[in-house]
Amino acid sequence: MTLHGTQNGAHPQKSPPPESGTAGESSGPSHRAPQDGANPLAPMQRLAQVGIALSAQRDLDTLLALIVEEACNFTGADGGTLYLLGNDQLHFSISINRSLGIKTGGPYGNDPNFPPLPLNPTFAAAFAAIHHTTVHIPDLDAPSEFDFSGPRRFEAQTGYHAVSMLATPMLDHKGEPLGVLQLLNAVDPATGKPGPFPLEARMLGEAMASLAGVSIRNVRLIRASEALFEALLEVMATALDARSRSTHGHVRRVADLTLALAEAIDASTAPPFDTVHFDKERLRELKIAGLLHDIGKIVSPPHIMDKATKLETIFDRAELIRTRYLAIEAQTEARHLCARLNGQAAGEEALAAEIAALHEELDFVLACNHPGEWLDDAAFDRLKAIAATTYVVAGIERPRLTPDELENLSIRKGSLTEAERKLMQSHIEVTQRMLAKIPFPRHLAGAPIFAGNHHEALDGSGYPQGLTGSQLPLQSRMLAVIDLLDALTDPDRPYRKQMPLEEAFGILQLEVDKGRLDGDVVRLLREEKIFERYREQWRGGETSSAL
């Protein structure tokens, strides 16, 4: 089986584990302290390298850890803590202490759950945030207006003595504080002992805090944009779910089940999925495709989407036919009564036989109104014969079944006419046109492709483009399988009873045998009992962990 990816024709691959390193450490050169006297531009060059690394980082926890690590590298600090400002308090985020070998918070885990620091100017970090200025305390043992109870408690617990402190605010583009970078104990490279932070170290610390403020703001803006984008998708999915009783919940189930399938593929160690990997961005891309795969149905007429019987439009026209046959029956009785008054009566038995024939004919017509797997030729021919039979109303001869009624009742399979079927299938073209209007970022560029391809088939018999297997990425194949399975097992489809899961898998296998669906995807879905596990989680109020 050929696997295709979302970008540049390359499928996301499982990657080997990293050789070494700790989350949050810079991949660039690391230095204990600014000490390159031969090249006075070296610190600026390193700072530029770190700035590039910070601007490329999109995970906030990893970004914060990188900021503290590099701030210690630049200033020669033995330890550092990063606080983020929120609700007029400074909240602990990351802390490292190199002498003690401690790294806590963010990607390091082991969150000590420190209480937030109030914006009280007696604390050096709070003073820096309030006054937007750097606070350098060269000797914490000297008398000071600042409260050093925190470092002293830490000393009592660990034996670590804080000698000096540098607290620098991290400001956004408007000059408003985002948090504070607090560093402890500048280590003299010559003696290895802690002391005050030299001027160059203080300047580099401020430069790092400035870069940190810009980087944190950028990551937060990206997060806010992504949250807004996904919220809009949720709104669209909610609107679609609420529009039709027959597809209520379908969009979300498809998104959840496809993510659960992706998790199983990611965990698979057997071919052909042993090299396939879905990272967070790929999973998000797949989730968006699932939420949007039927968005074009927003323009589909609800009476066609929910068409439970062949004659149904905004109401079931079977009632019109019942009323018509009652009128025909009344006419038949009136005709026999007139004949009896004229001495030409054919007898009660003849009337009873004619009325019974009308009842049987009506029952047949109404039975044909219910969608089935196949309408045979005998029933098809009889419907045409009934439509050719007339009755008279107000002197006008009318057919027992109108041409439109005959067309609908003669539907061989299901409840939709050919015109209605094409209209429903056109939802995928509407989906593609709608999604083409959305400027998806590069890392989500596959979402509209997967969503737009979920009715394609590997043998080219699908729609709307008739793509073949070599043109369909794995994600499109996954959506196609999940979409069909959920449709078959959906309890809310008015035109079909809910299908038992085993019977639904039987139909999926038939589609595999015809060369329409991906057999490896169907096999994994069945073997891993993904649908069954999801159904139990859904009943318990849970969803795929990928969400």
# chains A, B, ... in the order shown; residues from 1 in each chain; ligands from 1

call {"tool": "select_by_dssp", "arguments": {"residues": "region 346-485 of chain A", "states": "helix (DSSP H, G or I)", "output": "count of residues only"}}
result
83

call {"tool": "select_by_dssp", "arguments": {"residues": "region 78-145 of chain A", "states": "strand (DSSP E or B)", "output": "list in words"}}
result
Asp78, Gly79, Gly80, Thr81, Leu82, Tyr83, Leu84, Leu85, Gly86, Gln89, Leu90, His91, Phe92, Ser93, Ile94, Ser95, Ile96, Asn97, Ile102, Lys103, Thr104, Leu117, Pro118, Val135, His136 and Ile137 of chain A

call {"tool": "residues_around", "arguments": {"residues": "region 432-449 of chain A", "least_positions_apart": "6", "cutoff": "8 Å", "atoms": "only C-alpha atoms", "output": "ChimeraX atom specification"}}
result
/A:6-7,281-282,284-286,288-289,292,296,476

call {"tool": "write_last_selection", "arguments": {"atoms": "N, CA and C atoms", "output": "CSV table (one decimal), in the first residue's frame"}}
result
chain,number,residue,atom,x,y,z
A,6,THR,N,0.6,14.9,3.5
A,6,THR,CA,-0.2,16.1,3.3
A,6,THR,C,0.5,17.2,2.7
A,7,GLN,N,1.8,17.2,2.8
A,7,GLN,CA,2.6,18.3,2.2
A,7,GLN,C,3.8,17.7,1.5
A,281,GLU,N,0.4,18.5,15.5
A,281,GLU,CA,-0.1,19.3,14.4
A,281,GLU,C,-0.9,18.4,13.4
A,282,ARG,N,-0.4,17.2,13.2
A,282,ARG,CA,-1.2,16.3,12.2
A,282,ARG,C,-2.5,15.9,12.8
A,284,ARG,N,-4.3,17.7,14.9
A,284,ARG,CA,-5.1,18.9,14.9
A,284,ARG,C,-5.7,19.1,13.4
A,285,GLU,N,-4.8,18.9,12.5
A,285,GLU,CA,-5.2,19.0,11.1
A,285,GLU,C,-6.3,18.0,10.8
A,286,LEU,N,-6.2,16.8,11.3
A,286,LEU,CA,-7.1,15.7,11.1
A,286,LEU,C,-8.5,16.0,11.8
A,288,ILE,N,-9.7,19.0,12.4
A,288,ILE,CA,-10.3,20.1,11.6
A,288,ILE,C,-11.0,19.5,10.4
A,289,ALA,N,-10.3,18.6,9.7
A,289,ALA,CA,-10.9,17.9,8.5
A,289,ALA,C,-12.2,17.2,8.9
A,292,LEU,N,-15.0,19.6,9.5
A,292,LEU,CA,-15.5,20.3,8.3
A,292,LEU,C,-15.9,19.4,7.2
A,296,GLY,N,-20.5,21.5,3.7
A,296,GLY,CA,-21.3,21.9,2.6
A,296,GLY,C,-22.8,21.6,2.7
A,476,SER,N,-7.4,11.0,4.1
A,476,SER,CA,-8.7,10.9,3.3
A,476,SER,C,-9.3,9.5,3.4

call {"tool": "atom_distance", "arguments": {"atom1": "CA of Leu362 (chain A)", "atom2": "CA of Ala394 (chain A)"}}
result
22.2 Å

call {"tool": "closest_residue", "arguments": {"among": "A:Ile130, A:Ala77, A:Ile96, A:Ala48", "to": "Lys193 (chain A)", "atoms": "only C-alpha atoms"}}
result
A:Ala77

call {"tool": "closest_residue", "arguments": {"among": "A:Leu488, A:Ala126, A:Phe450, A:Gly80", "to": "Leu472 (chain A)", "atoms": "only C-alpha atoms"}}
result
A:Phe450

call {"tool": "residues_around", "arguments": {"residues": "region 99-104 of chain A", "least_positions_apart": "2", "cutoff": "12 Å", "atoms": "only C-alpha atoms", "output": "PyMOL selection string"}}
result
chain A and resi 22-25+61+64-66+68-69+77-82+92-97+106-114+154-155+157-162+184-185+187+192-194

call {"tool": "closest_atom_pairs", "arguments": {"of": "region 317-337 of chain A", "to": "region 309-313 of chain A", "cutoff": "12 Å", "atoms": "only C-alpha atoms", "output": "JSON lines"}}
result
{"residue": "A:Arg317", "atom": "CA", "partner": "A:Leu311", "partner_atom": "CA", "distance": 5.2}
{"residue": "A:Ala318", "atom": "CA", "partner": "A:Leu311", "partner_atom": "CA", "distance": 6.3}
{"residue": "A:Glu319", "atom": "CA", "partner": "A:Leu311", "partner_atom": "CA", "distance": 9.5}
{"residue": "A:Leu320", "atom": "CA", "partner": "A:Leu311", "partner_atom": "CA", "distance": 9.9}
{"residue": "A:Ile321", "atom": "CA", "partner": "A:Leu311", "partner_atom": "CA", "distance": 9.8}
